[in-house]
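J.: Input: one structure, supplied below.
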Amino acid sequence: MLALVFAALAVILPLDARAAPKCTYDDGTVSIAVPAGEKGSARVGHGDAILASGERCGAATTANTDAIVVTGGGGSELAIDLRGGPFGDIPIEASLGGDGSRLRVIGGASGEKITVRGDTIQLGAKGGEVAMEDVSLLTIEGGGGGDTVTGGNGDDTIRGGPGRDRLRGAGGDDRLFGGHERDRMWGGGGRDRLAGGTGTDVCEGGADRDELLSCSPRYDFSARKIDSALRERMNGRSFHGSRCPVGLGDLRYLRLRHWGFDGDVHSGELVVHRDAVGEMRTAFRRIFRARFPIRQMRLIDDYGGDDHRSMDADNTSAFNCRVVAGTSHWSEHAYGHAIDVNPVENPYVTSSGHVSPPAGRPYADRSRDAQGMIEPGDAVVSAFAAVGWPWHVQGWPKDYQHFSVSGH
């Protein structure tokens, strides 16, 4: 069932003239029945008369009515439109069949907010849809099916049911709670609180600073060829033409989302070999879902292709056409087959005690428990191991930031 209980200034207008709801008035109660599969209609008319499909509902007016009850069969649709005359404080309960039912609640012509007290929309077992437009409702609850619920511009509370729900806030300070399945939730323009349930939930905050609990924003990942603008950005920095072991045609530019040290989600960028794209997509999806924080993820070209400057900035990077320090051998980074993650928290340490970058010296003590540190068996190590990129910490030197195809 789709149930709505509220006491507000409200008007119910038709979605479609086809439906002819049966309306009766008895001892202060207006009862309107919407046929199954049809679109119902009712409103306040001239002289505050209560109308159903444009016809008066007996002698009912807003002055002599204590309650309005609207019921509908499976697949029925109902619009509650707040742009007409007022119902005052008359409580209205609308119950529509749960099989594909749809309820639209539309605000007044001037966009005025409606005062709602203890109100609930509850969706039935087979899924339904609620869309709020310029309306302030307190509580929306999903039922057993896969429900779609959109809040209005007020401060809404939206709760998913046992099914796979899609919950979306609007302009107010909304509170969205997922149910037992894998739900998708989006905050609106206010300061929202999104809490996933027991499933693996996806939550998106809005424009304001939102709170996400027990759920994760959507993981985004894209890959494209190196275009002319990116070529210009890389030339003379991370890329040095024919001197490099791979050409730009062998490389791909990645954009991906990652968690930051500030608890927010950020967009990062990497360049890797084209045959590493799938591995990076899979590994960073696991890292993202684990909410492992990455300080920043910028192309090393922003640091002039200088590995030391990039590490000093605690920057996570991949491709860089360079040799292994102190040798004439190409680094795995020169092939786009290696990545360094949070270099400050995961420094390069030699057996003689040299630490690079210098800011990483406190983190050479791996017994520390600090944000951004990589530890044996954690989400980062497991994610890269699963795609065949081992952690370079066996023997000396220990490169705690480094993962590569070869393990070197």
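Chain labels run A, B, ... following the order of the structure tokens; each chain numbers its residues from 1, and ligands are numbered from 1 in the order shown.
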Can you tell me, as a PyMOL selection string, what residues are no more than 8 Å from Asp340 (chain A) when counting only C-alpha atoms, ignoring any on the same chain fewer than 2 positions away?

T.: chain A and resi 316-318+338+342-343+401-403

J.: Would you mind listing, for every residue of region 213-278 of chain A within 12 Å of region 367-382 of chain A, the two atoms forming the shortest contact and the distance between them in Å to one decimal, using only C-alpha atoms, sorted by chain and ascending residue number, as JSON lines?

T.:
```
{"residue": "A:Trp259", "atom": "CA", "partner": "A:Gly372", "partner_atom": "CA", "distance": 10.4}
{"residue": "A:Gly260", "atom": "CA", "partner": "A:Gly372", "partner_atom": "CA", "distance": 9.1}
{"residue": "A:Phe261", "atom": "CA", "partner": "A:Gln371", "partner_atom": "CA", "distance": 7.4}
{"residue": "A:Asp262", "atom": "CA", "partner": "A:Gln371", "partner_atom": "CA", "distance": 10.5}
{"residue": "A:Gly263", "atom": "CA", "partner": "A:Gln371", "partner_atom": "CA", "distance": 10.9}
```

J.: Within 7 Å of region 281-288 of chain A, counting only C-alpha atoms, which residues show up once you throw out same-chain ones fewer than 2 positions away? Write them as a list in words, please.

T.: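 What passes the distance filter is Tyr219, Phe221, His258, Trp259, Val277, Gly278, Glu279, Ala290, Arg291, Phe292, Ala379, Val380, Ala383, Phe384 and Val387 of chain A.
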
J.: Would you kindly return, as a list in words, each protein, DNA or RNA residue with an atom no farther than 8 Å from any atom of Ser331 (chain A), considering only C-alpha atoms and excluding same-chain residues fewer than 4 positions away?

T.: Cys321, Arg322, Val323, Val324 and Tyr335 of chain A

J.: Restricted to all heavy atoms, what would the selected residues look like written as a PDB file, in the first residue's frame?

T.:
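Generated file (again_11.pdb):
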```pdb
ATOM      1  N   CYS A 321      58.199   9.054 -17.045  1.00  0.00           N
ATOM      2  CA  CYS A 321      59.311   8.509 -17.832  1.00  0.00           C
ATOM      3  C   CYS A 321      60.624   8.858 -17.141  1.00  0.00           C
ATOM      4  O   CYS A 321      61.208   9.918 -17.398  1.00  0.00           O
ATOM      5  CB  CYS A 321      59.258   9.078 -19.251  1.00  0.00           C
ATOM      6  SG  CYS A 321      60.583   8.477 -20.310  1.00  0.00           S
ATOM      7  N   ARG A 322      61.074   7.969 -16.273  1.00  0.00           N
ATOM      8  CA  ARG A 322      62.310   8.194 -15.512  1.00  0.00           C
ATOM      9  C   ARG A 322      62.978   6.851 -15.223  1.00  0.00           C
ATOM     10  O   ARG A 322      62.345   5.789 -15.309  1.00  0.00           O
ATOM     11  CB  ARG A 322      62.017   8.915 -14.188  1.00  0.00           C
ATOM     12  CG  ARG A 322      61.149   8.122 -13.209  1.00  0.00           C
ATOM     13  CD  ARG A 322      61.046   8.835 -11.888  1.00  0.00           C
ATOM     14  NE  ARG A 322      60.185   8.144 -10.937  1.00  0.00           N
ATOM     15  CZ  ARG A 322      60.585   7.152 -10.139  1.00  0.00           C
ATOM     16  NH1 ARG A 322      61.842   6.697 -10.220  1.00  0.00           N
ATOM     17  NH2 ARG A 322      59.748   6.583  -9.295  1.00  0.00           N
ATOM     18  N   VAL A 323      64.238   6.925 -14.840  1.00  0.00           N
ATOM     19  CA  VAL A 323      64.962   5.715 -14.458  1.00  0.00           C
ATOM     20  C   VAL A 323      64.863   5.529 -12.954  1.00  0.00           C
ATOM     21  O   VAL A 323      64.474   6.436 -12.212  1.00  0.00           O
ATOM     22  CB  VAL A 323      66.453   5.804 -14.878  1.00  0.00           C
ATOM     23  CG1 VAL A 323      66.574   5.897 -16.388  1.00  0.00           C
ATOM     24  CG2 VAL A 323      67.132   6.998 -14.198  1.00  0.00           C
ATOM     25  N   VAL A 324      65.215   4.327 -12.502  1.00  0.00           N
ATOM     26  CA  VAL A 324      65.296   4.069 -11.073  1.00  0.00           C
ATOM     27  C   VAL A 324      66.438   4.909 -10.506  1.00  0.00           C
ATOM     28  O   VAL A 324      67.531   4.970 -11.088  1.00  0.00           O
ATOM     29  CB  VAL A 324      65.541   2.571 -10.797  1.00  0.00           C
ATOM     30  CG1 VAL A 324      65.704   2.319  -9.304  1.00  0.00           C
ATOM     31  CG2 VAL A 324      64.400   1.736 -11.375  1.00  0.00           C
ATOM     32  N   TYR A 335      56.867   2.854 -17.761  1.00  0.00           N
ATOM     33  CA  TYR A 335      56.001   2.036 -18.614  1.00  0.00           C
ATOM     34  C   TYR A 335      54.515   2.239 -18.272  1.00  0.00           C
ATOM     35  O   TYR A 335      53.647   1.679 -18.947  1.00  0.00           O
ATOM     36  CB  TYR A 335      56.335   0.559 -18.453  1.00  0.00           C
ATOM     37  CG  TYR A 335      57.739   0.197 -18.879  1.00  0.00           C
ATOM     38  CD1 TYR A 335      58.790   0.223 -17.966  1.00  0.00           C
ATOM     39  CD2 TYR A 335      58.016  -0.164 -20.204  1.00  0.00           C
ATOM     40  CE1 TYR A 335      60.080  -0.106 -18.352  1.00  0.00           C
ATOM     41  CE2 TYR A 335      59.311  -0.492 -20.597  1.00  0.00           C
ATOM     42  CZ  TYR A 335      60.345  -0.459 -19.668  1.00  0.00           C
ATOM     43  OH  TYR A 335      61.612  -0.782 -20.054  1.00  0.00           O
TER      44      TYR A 335
END
```

J.: How many Å separate CA of Met311 (chain A) from CA of Ala359 (chain A)?

T.: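 Separating CA of Met311 (chain A) from CA of Ala359 (chain A) is a distance of 9.1 Å.
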
J.: Given only C-alpha atoms as the basis, pick out the residue of A:Gly236, A:Gly247, A:Pro35, A:Gly336 nearest to Gly73 (chain A).

T.: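 For Gly73 (chain A), the nearest of the candidates is A:Pro35.
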